[in-house]
>>> print(open('start.txt').read())   # compact mmCIF, C-alpha atoms
# COMPACT_ATOMS: atom_id res chain seq x y z
CA MET A 1 27.43 9.47 78.45
CA ASP A 2 27.49 6.11 76.65
CA LEU A 3 31.02 5.20 75.63
CA GLU A 4 32.06 2.48 73.23
CA PHE A 5 35.67 1.29 73.06
CA ARG A 6 37.15 -0.26 69.94
CA THR A 7 40.42 -0.72 68.09
CA ALA A 8 41.20 2.17 65.74
CA ARG A 9 40.78 1.69 62.01
CA ARG A 10 42.77 3.29 59.22
CA ALA A 11 39.87 5.71 58.54
CA ASP A 12 40.22 7.06 62.11
CA VAL A 13 43.79 8.28 61.56
CA PRO A 14 42.94 11.92 60.70
CA VAL A 15 40.72 12.29 63.77
CA ILE A 16 43.34 10.73 66.03
CA VAL A 17 46.11 12.93 64.63
CA ALA A 18 43.94 16.02 65.14
CA MET A 19 43.34 15.03 68.75
CA ILE A 20 47.03 14.43 69.33
CA THR A 21 48.13 17.72 67.81
CA GLU A 22 45.44 20.03 69.21
CA ASP A 23 46.45 19.12 72.74
CA PRO A 24 48.12 22.21 74.32
CA VAL A 25 51.38 20.43 75.08
CA THR A 26 51.59 18.41 71.89
CA ALA A 27 50.57 21.47 69.87
CA SER A 28 53.81 23.14 70.92
CA ARG A 29 55.69 20.49 68.99
CA PRO A 30 56.03 20.80 65.19
CA SER A 31 52.54 20.76 63.72
CA SER A 32 51.66 18.46 60.88
CA ALA A 33 48.96 17.57 58.41
CA VAL A 34 47.99 13.96 57.92
CA GLU A 35 51.07 12.83 56.11
CA PRO A 36 51.87 9.32 54.87
CA ASP A 37 54.14 8.80 57.89
CA TYR A 38 51.09 8.66 60.13
CA TYR A 39 49.61 5.86 58.06
CA VAL A 40 52.88 3.96 58.14
CA ALA A 41 52.84 4.30 61.93
CA PHE A 42 49.20 3.24 62.08
CA GLU A 43 49.93 0.09 60.07
CA ALA A 44 52.86 -0.73 62.37
CA VAL A 45 50.68 -0.41 65.48
CA ASP A 46 47.79 -2.27 63.89
CA ALA A 47 49.98 -5.21 62.86
CA ASP A 48 51.65 -5.56 66.26
CA PRO A 49 49.88 -7.88 68.71
CA ARG A 50 51.54 -6.01 71.63
CA ASN A 51 50.21 -2.61 70.58
CA GLU A 52 46.60 -1.46 70.54
CA LEU A 53 45.43 1.93 69.33
CA ILE A 54 42.06 2.50 70.97
CA VAL A 55 39.32 4.98 70.14
CA VAL A 56 36.32 5.79 72.30
CA GLU A 57 33.05 6.67 70.64
CA SER A 58 29.94 8.41 71.88
CA ASP A 59 26.95 8.60 69.52
CA GLY A 60 29.21 7.44 66.67
CA GLU A 61 31.78 10.22 67.22
CA ILE A 62 35.32 9.68 68.43
CA VAL A 63 35.69 11.45 71.77
CA GLY A 64 38.96 9.94 73.00
CA THR A 65 42.00 7.93 72.02
CA MET A 66 44.90 6.16 73.70
CA GLN A 67 47.52 3.56 72.89
CA LEU A 68 48.27 0.48 74.94
CA THR A 69 51.58 -1.36 74.68
CA TYR A 70 52.22 -4.69 76.40
CA ILE A 71 55.92 -5.02 77.22
CA PRO A 72 57.28 -8.46 78.09
CA GLY A 73 60.35 -8.58 80.33
CA LEU A 74 62.22 -10.32 83.13
CA SER A 75 61.43 -7.82 85.89
CA ARG A 76 58.63 -8.62 88.36
CA ARG A 77 58.87 -12.38 87.84
CA GLY A 78 58.40 -12.08 84.13
CA GLY A 79 55.11 -10.20 84.30
CA GLU A 80 54.13 -8.02 81.34
CA ARG A 81 53.90 -4.25 81.77
CA ALA A 82 50.95 -2.47 80.21
CA GLN A 83 51.95 1.00 79.10
CA ILE A 84 49.51 3.76 78.22
CA GLU A 85 50.61 6.47 75.78
CA ALA A 86 48.98 9.30 73.90
CA VAL A 87 45.84 9.66 76.02
CA ARG A 88 43.61 12.35 74.54
CA VAL A 89 40.02 13.46 75.13
CA ALA A 90 38.28 15.80 72.66
CA VAL A 91 38.75 19.34 73.99
CA PRO A 92 35.03 20.32 74.15
CA LEU A 93 34.23 17.14 76.09
CA ARG A 94 36.82 17.35 78.84
CA GLY A 95 35.76 17.28 82.46
CA ARG A 96 32.91 14.83 81.85
CA GLY A 97 34.64 11.69 83.05
CA ILE A 98 35.71 10.34 79.66
CA GLY A 99 39.37 10.22 80.70
CA THR A 100 38.51 8.39 83.90
CA ALA A 101 36.44 5.84 81.98
CA MET A 102 39.29 5.35 79.51
CA LEU A 103 41.91 4.78 82.18
CA ARG A 104 39.63 2.40 84.09
CA TRP A 105 39.02 0.49 80.88
CA ALA A 106 42.76 0.30 80.16
CA VAL A 107 43.56 -0.92 83.69
CA GLU A 108 40.85 -3.56 83.45
CA ARG A 109 42.16 -4.72 80.08
CA ALA A 110 45.68 -5.01 81.52
CA ARG A 111 44.35 -6.95 84.49
CA GLU A 112 42.45 -9.38 82.26
CA ARG A 113 45.60 -9.92 80.24
CA GLY A 114 47.48 -10.77 83.43
CA CYS A 115 49.87 -7.80 83.37
CA ALA A 116 51.94 -7.16 86.52
CA LEU A 117 51.56 -3.38 86.36
CA VAL A 118 50.26 -0.47 84.34
CA GLN A 119 52.53 2.49 83.68
CA LEU A 120 52.41 5.84 81.95
CA THR A 121 54.29 9.12 81.99
CA SER A 122 52.73 12.55 82.02
CA ASP A 123 54.36 15.88 81.16
CA LYS A 124 55.19 17.75 84.39
CA ALA A 125 53.25 20.72 82.99
CA ARG A 126 50.02 18.72 83.10
CA THR A 127 49.35 19.10 86.81
CA GLU A 128 45.62 18.46 86.46
CA ALA A 129 46.33 15.16 84.77
CA HIS A 130 48.53 14.20 87.72
CA ARG A 131 45.72 14.59 90.23
CA PHE A 132 43.58 12.58 87.87
CA TYR A 133 46.04 9.67 87.67
CA GLY A 134 46.51 9.78 91.45
CA ALA A 135 42.75 9.51 91.97
CA LEU A 136 42.78 6.40 89.79
CA GLY A 137 45.31 4.71 92.08
CA PHE A 138 48.50 5.44 90.18
CA THR A 139 51.60 6.47 92.15
CA ALA A 140 54.02 9.08 90.83
CA SER A 141 56.93 6.95 91.99
CA HIS A 142 59.25 7.58 89.06
CA GLU A 143 60.96 10.35 87.16
CA GLY A 144 60.19 10.22 83.45
CA PHE A 145 63.27 10.99 81.33
CA LYS A 146 63.09 11.83 77.62
CA LEU A 147 65.78 12.48 75.05
CA LEU A 148 64.71 13.82 71.64
CA LEU A 149 66.72 12.48 68.71
CA MET B 150 87.35 -1.65 80.18
CA ASP B 151 86.47 -3.44 76.95
CA LEU B 152 82.73 -3.89 76.63
CA GLU B 153 80.92 -6.13 74.19
CA PHE B 154 77.18 -5.72 73.57
CA ARG B 155 75.01 -8.57 72.37
CA THR B 156 71.46 -9.90 72.47
CA ALA B 157 70.81 -12.07 75.52
CA ARG B 158 70.56 -15.83 75.10
CA ARG B 159 68.47 -18.29 77.07
CA ALA B 160 71.55 -19.36 79.02
CA ASP B 161 71.98 -15.79 80.30
CA VAL B 162 68.61 -15.76 82.08
CA PRO B 163 69.88 -16.73 85.57
CA VAL B 164 72.58 -14.03 85.50
CA ILE B 165 70.11 -11.40 84.29
CA VAL B 166 67.55 -12.34 86.93
CA ALA B 167 70.22 -12.16 89.63
CA MET B 168 71.21 -8.69 88.43
CA ILE B 169 67.60 -7.54 88.42
CA THR B 170 66.82 -8.85 91.88
CA GLU B 171 70.03 -7.85 93.69
CA ASP B 172 69.43 -4.22 92.85
CA PRO B 173 68.58 -2.38 96.11
CA VAL B 174 65.23 -1.12 94.86
CA THR B 175 64.18 -4.25 92.99
CA ALA B 176 65.37 -6.40 95.89
CA SER B 177 62.67 -4.84 98.05
CA ARG B 178 60.09 -6.44 95.77
CA PRO B 179 59.26 -10.13 96.26
CA SER B 180 62.44 -12.11 95.69
CA SER B 181 62.48 -15.09 93.39
CA ALA B 182 64.54 -17.96 92.13
CA VAL B 183 64.83 -18.66 88.45
CA GLU B 184 61.38 -20.00 87.87
CA PRO B 185 59.87 -21.12 84.57
CA ASP B 186 58.02 -17.77 84.32
CA TYR B 187 61.32 -16.04 83.64
CA TYR B 188 62.00 -18.33 80.70
CA VAL B 189 58.52 -17.75 79.34
CA ALA B 190 59.18 -14.00 79.55
CA PHE B 191 62.60 -14.43 77.94
CA GLU B 192 61.09 -16.32 74.99
CA ALA B 193 58.45 -13.60 74.57
CA VAL B 194 61.09 -10.86 74.45
CA ASP B 195 63.38 -12.91 72.21
CA ALA B 196 60.63 -13.60 69.66
CA ASP B 197 59.46 -9.97 69.49
CA PRO B 198 61.20 -7.82 66.85
CA ARG B 199 60.32 -4.69 68.86
CA ASN B 200 62.00 -5.92 72.04
CA GLU B 201 65.70 -6.52 72.62
CA LEU B 202 67.18 -7.87 75.82
CA ILE B 203 70.82 -6.79 75.81
CA VAL B 204 73.76 -8.01 77.86
CA VAL B 205 77.14 -6.34 78.13
CA GLU B 206 80.22 -8.50 78.55
CA SER B 207 83.71 -7.76 79.75
CA ASP B 208 86.28 -10.57 79.55
CA GLY B 209 83.47 -13.03 78.85
CA GLU B 210 81.49 -12.06 81.96
CA ILE B 211 78.13 -10.31 81.94
CA VAL B 212 78.57 -6.94 83.63
CA GLY B 213 75.34 -5.24 82.62
CA THR B 214 71.90 -5.73 81.13
CA MET B 215 69.04 -3.62 79.79
CA GLN B 216 65.98 -4.04 77.65
CA LEU B 217 65.06 -1.90 74.67
CA THR B 218 61.50 -1.65 73.36
CA TYR B 219 60.62 0.15 70.14
CA ILE B 220 57.10 1.53 70.36
CA PRO B 221 55.34 2.59 67.16
CA GLY B 222 52.68 5.29 67.44
CA LEU B 223 51.03 8.33 65.90
CA SER B 224 52.62 10.96 68.18
CA ARG B 225 55.59 12.94 66.87
CA ARG B 226 54.70 12.45 63.20
CA GLY B 227 54.63 8.71 63.55
CA GLY B 228 58.17 8.38 64.91
CA GLU B 229 58.99 5.31 66.99
CA ARG B 230 59.88 5.71 70.68
CA ALA B 231 62.79 3.72 72.02
CA GLN B 232 62.19 2.78 75.64
CA ILE B 233 64.87 1.55 78.00
CA GLU B 234 63.84 -0.67 80.91
CA ALA B 235 65.60 -2.77 83.52
CA VAL B 236 69.04 -1.18 83.31
CA ARG B 237 71.42 -2.97 85.66
CA VAL B 238 75.18 -2.94 86.19
CA ALA B 239 76.86 -5.64 88.30
CA VAL B 240 77.16 -4.24 91.84
CA PRO B 241 80.96 -4.66 92.23
CA LEU B 242 81.55 -2.88 88.91
CA ARG B 243 79.48 0.24 89.43
CA GLY B 244 81.07 3.65 89.10
CA ARG B 245 83.36 2.60 86.26
CA GLY B 246 81.37 4.05 83.39
CA ILE B 247 79.60 0.86 82.32
CA GLY B 248 76.16 2.45 82.73
CA THR B 249 77.21 5.47 80.69
CA ALA B 250 78.53 3.24 77.92
CA MET B 251 75.31 1.22 77.96
CA LEU B 252 73.07 4.27 77.71
CA ARG B 253 75.21 5.80 74.95
CA TRP B 254 75.01 2.52 73.05
CA ALA B 255 71.21 2.39 73.48
CA VAL B 256 70.79 5.99 72.29
CA GLU B 257 72.98 5.33 69.27
CA ARG B 258 70.99 2.20 68.43
CA ALA B 259 67.73 4.16 68.66
CA ARG B 260 69.18 6.88 66.44
CA GLU B 261 70.29 4.36 63.81
CA ARG B 262 66.82 2.86 63.81
CA GLY B 263 65.36 6.31 63.20
CA CYS B 264 63.49 6.64 66.50
CA ALA B 265 62.07 10.08 67.36
CA LEU B 266 63.01 9.88 71.02
CA VAL B 267 64.43 7.69 73.77
CA GLN B 268 62.58 7.41 77.07
CA LEU B 269 62.96 5.70 80.41
CA THR B 270 61.65 6.05 83.93
CA SER B 271 63.71 5.86 87.08
CA ASP B 272 62.52 5.29 90.63
CA LYS B 273 62.51 8.62 92.51
CA ALA B 274 64.64 6.95 95.20
CA ARG B 275 67.51 6.52 92.72
CA THR B 276 68.78 10.10 92.88
CA GLU B 277 72.26 9.17 91.69
CA ALA B 278 70.79 7.61 88.58
CA HIS B 279 68.94 10.84 87.87
CA ARG B 280 72.14 12.89 87.75
CA PHE B 281 73.56 10.22 85.50
CA TYR B 282 70.66 10.38 83.00
CA GLY B 283 70.79 14.18 83.08
CA ALA B 284 74.50 14.12 82.23
CA LEU B 285 73.65 11.95 79.23
CA GLY B 286 71.28 14.60 77.89
CA PHE B 287 67.99 13.22 79.16
CA THR B 288 65.45 15.66 80.58
CA ALA B 289 63.28 14.74 83.59
CA SER B 290 60.28 16.34 81.90
CA HIS B 291 57.67 13.81 82.96
CA GLU B 292 56.14 12.21 86.03
CA GLY B 293 56.28 8.43 85.90
CA PHE B 294 53.09 6.84 87.20
CA LYS B 295 52.81 3.14 88.11
CA LEU B 296 49.90 1.03 89.24
CA LEU B 297 50.63 -2.48 90.50
CA LEU B 298 48.01 -5.06 89.58
>>> encode(input="start.txt", output="structure tokens")
Amino acid sequence: MDLEFRTARRADVPVIVAMITEDPVTASRPSSAVEPDYYVAFEAVDADPRNELIVVESDGEIVGTMQLTYIPGLSRRGGERAQIEAVRVAVPLRGRGIGTAMLRWAVERARERGCALVQLTSDKARTEAHRFYGALGFTASHEGFKLLL
Amino acid sequence: MDLEFRTARRADVPVIVAMITEDPVTASRPSSAVEPDYYVAFEAVDADPRNELIVVESDGEIVGTMQLTYIPGLSRRGGERAQIEAVRVAVPLRGRGIGTAMLRWAVERARERGCALVQLTSDKARTEAHRFYGALGFTASHEGFKLLL
């Protein structure tokens, strides 16, 4: 499968939101149509040089999305952290290696940028995803704590 | 204990670096003096409106530090995530509630900003810290994956 990676555009927002909300875990959160808030969030990400919303296309269709955030800080000798959030692959296309290609691409991008590490958290219910991240070289060394406001 | 929270200044960098590296877990990573890289990282954080390096003072001395990052994104109806990294309390002052006060302050700041959630990861070796985050209302719902580059 030929995959093309690019930065998301405003016109991609409905597709991205659909991918985020149709995910089994995310779908259990309050559902939503494409409301103005999503566009406000898109503009914020798009304008921020330390955030990249990525879409992956195959034959002109979006088959995956993820967000990369580059966090500066004083830990690890001042090396940036690359953080991956909101990884989603289109439901009918799962199991074909798209997720692996996306993560490899993200790690390579972080490496080229000179980041000290790549990090992500994954819901404990997503046990398949955990094997997947492990196979890519990630270590489940941390507990991921969340507090909803 | 009277605690005062403020944004870190360039002159605080050596103290912050010492706090980060004397931590038992961080200390097992390559140690370092205060090299120019730390100042480059400080300037990057200081110039970024979505990153705040915080220090906590008591009687004019820095007793704690943490970094807050506000991550925009399309998950959760476009609500920002507040992420807490590099939480440290001066070793001789641990167990006096400084960490609790810091986390409460961070959560309140995220709430005032309108963030949808607060998140952090904690090394699985820090079991005491986990009880502490749980007592503050955080849920260890996620696995935290890291990949060193």
>>> closest_residue(input="start.txt", among="A:Pro72, A:Pro36, A:Arg77, A:Arg88", to="B:Asp197", atoms="only C-alpha atoms")
A:Pro72
>>> atom_distance(input="start.txt", atom1="atom CA of A:Ala90", atom2="atom CA of A:Glu61")
10.1 Å
>>> residues_around(input="start.txt", residues="A:Glu112", least_positions_apart="4", cutoff="12 Å", atoms="all atoms listed in the file", output="list in words")
Glu80, Ala82, Trp105, Ala106, Val107, Glu108, Ala116 and Leu117 of chain A; Leu298 of chain B
>>> write_last_selection(input="start.txt", atoms="C-alpha atoms", output="CSV table (one decimal), in the coordinates of the input")
chain,number,residue,atom,x,y,z
A,80,GLU,CA,54.1,-8.0,81.3
A,82,ALA,CA,51.0,-2.5,80.2
A,105,TRP,CA,39.0,0.5,80.9
A,106,ALA,CA,42.8,0.3,80.2
A,107,VAL,CA,43.6,-0.9,83.7
A,108,GLU,CA,40.8,-3.6,83.4
A,116,ALA,CA,51.9,-7.2,86.5
A,117,LEU,CA,51.6,-3.4,86.4
B,298,LEU,CA,48.0,-5.1,89.6
>>> residues_around(input="start.txt", residues="A:Gly134", least_positions_apart="5", cutoff="12 Å", atoms="all atoms listed in the file", output="PDB file with C-alpha atoms, in the frame of the given file")
ATOM      1  CA  THR A 100      38.510   8.390  83.900  1.00  0.00           C
ATOM      2  CA  LEU A 103      41.910   4.780  82.180  1.00  0.00           C
ATOM      3  CA  LEU A 120      52.410   5.840  81.950  1.00  0.00           C
ATOM      4  CA  SER A 122      52.730  12.550  82.020  1.00  0.00           C
ATOM      5  CA  THR A 127      49.350  19.100  86.810  1.00  0.00           C
ATOM      6  CA  GLU A 128      45.620  18.460  86.460  1.00  0.00           C
ATOM      7  CA  ALA A 129      46.330  15.160  84.770  1.00  0.00           C
ATOM      8  CA  THR A 139      51.600   6.470  92.150  1.00  0.00           C
ATOM      9  CA  ALA A 140      54.020   9.080  90.830  1.00  0.00           C
ATOM     10  CA  SER A 141      56.930   6.950  91.990  1.00  0.00           C
TER      11      SER A 141
ATOM     12  CA  GLU B 292      56.140  12.210  86.030  1.00  0.00           C
ATOM     13  CA  GLY B 293      56.280   8.430  85.900  1.00  0.00           C
ATOM     14  CA  PHE B 294      53.090   6.840  87.200  1.00  0.00           C
ATOM     15  CA  LYS B 295      52.810   3.140  88.110  1.00  0.00           C
ATOM     16  CA  LEU B 296      49.900   1.030  89.240  1.00  0.00           C
TER      17      LEU B 296
END
>>> axis_aligned_box(input="start.txt", around="stretch 19-23 of chain A", padding_each_side="8 Å", output="lines of an AutoDock Vina configuration file")
center_x = 45.7
center_y = 17.2
center_z = 70.3
size_x = 20.8
size_y = 21.6
size_z = 20.9
>>> atom_distance(input="start.txt", atom1="atom CA of B:Arg245", atom2="atom CA of B:Arg258")
21.7 Å
>>> closest_residue(input="start.txt", among="B:Val183, B:Leu285, B:Ile203, B:Ala259", to="B:Val166", atoms="all atoms listed in the file")
B:Val183
>>> closest_residue(input="start.txt", among="A:Val56, A:Ile84, A:Ala135, A:Ala41", to="A:Arg10", atoms="only C-alpha atoms")
A:Ala41
>>> atom_distance(input="start.txt", atom1="atom CA of A:Thr69", atom2="atom CA of A:Tyr39")
18.2 Å
>>> residues_around(input="start.txt", residues="A:Leu93", least_positions_apart="2", cutoff="12 Å", atoms="all atoms listed in the file", output="number ranges by chain")
A: 1, 19, 57-58, 61-64, 88-91, 95-99
>>> closest_residue(input="start.txt", among="B:Glu184, B:Asp208, B:Asp195, B:Asp272", to="chain A", atoms="only C-alpha atoms")
B:Asp272
>>> closest_residue(input="start.txt", among="B:Met251, B:Ala157, B:Ala196, B:Ala235", to="chain A", atoms="all atoms listed in the file")
B:Ala235
>>> closest_residue(input="start.txt", among="A:Val55, A:Tyr133, A:Arg104, A:Thr121", to="chain B", atoms="only C-alpha atoms")
A:Thr121
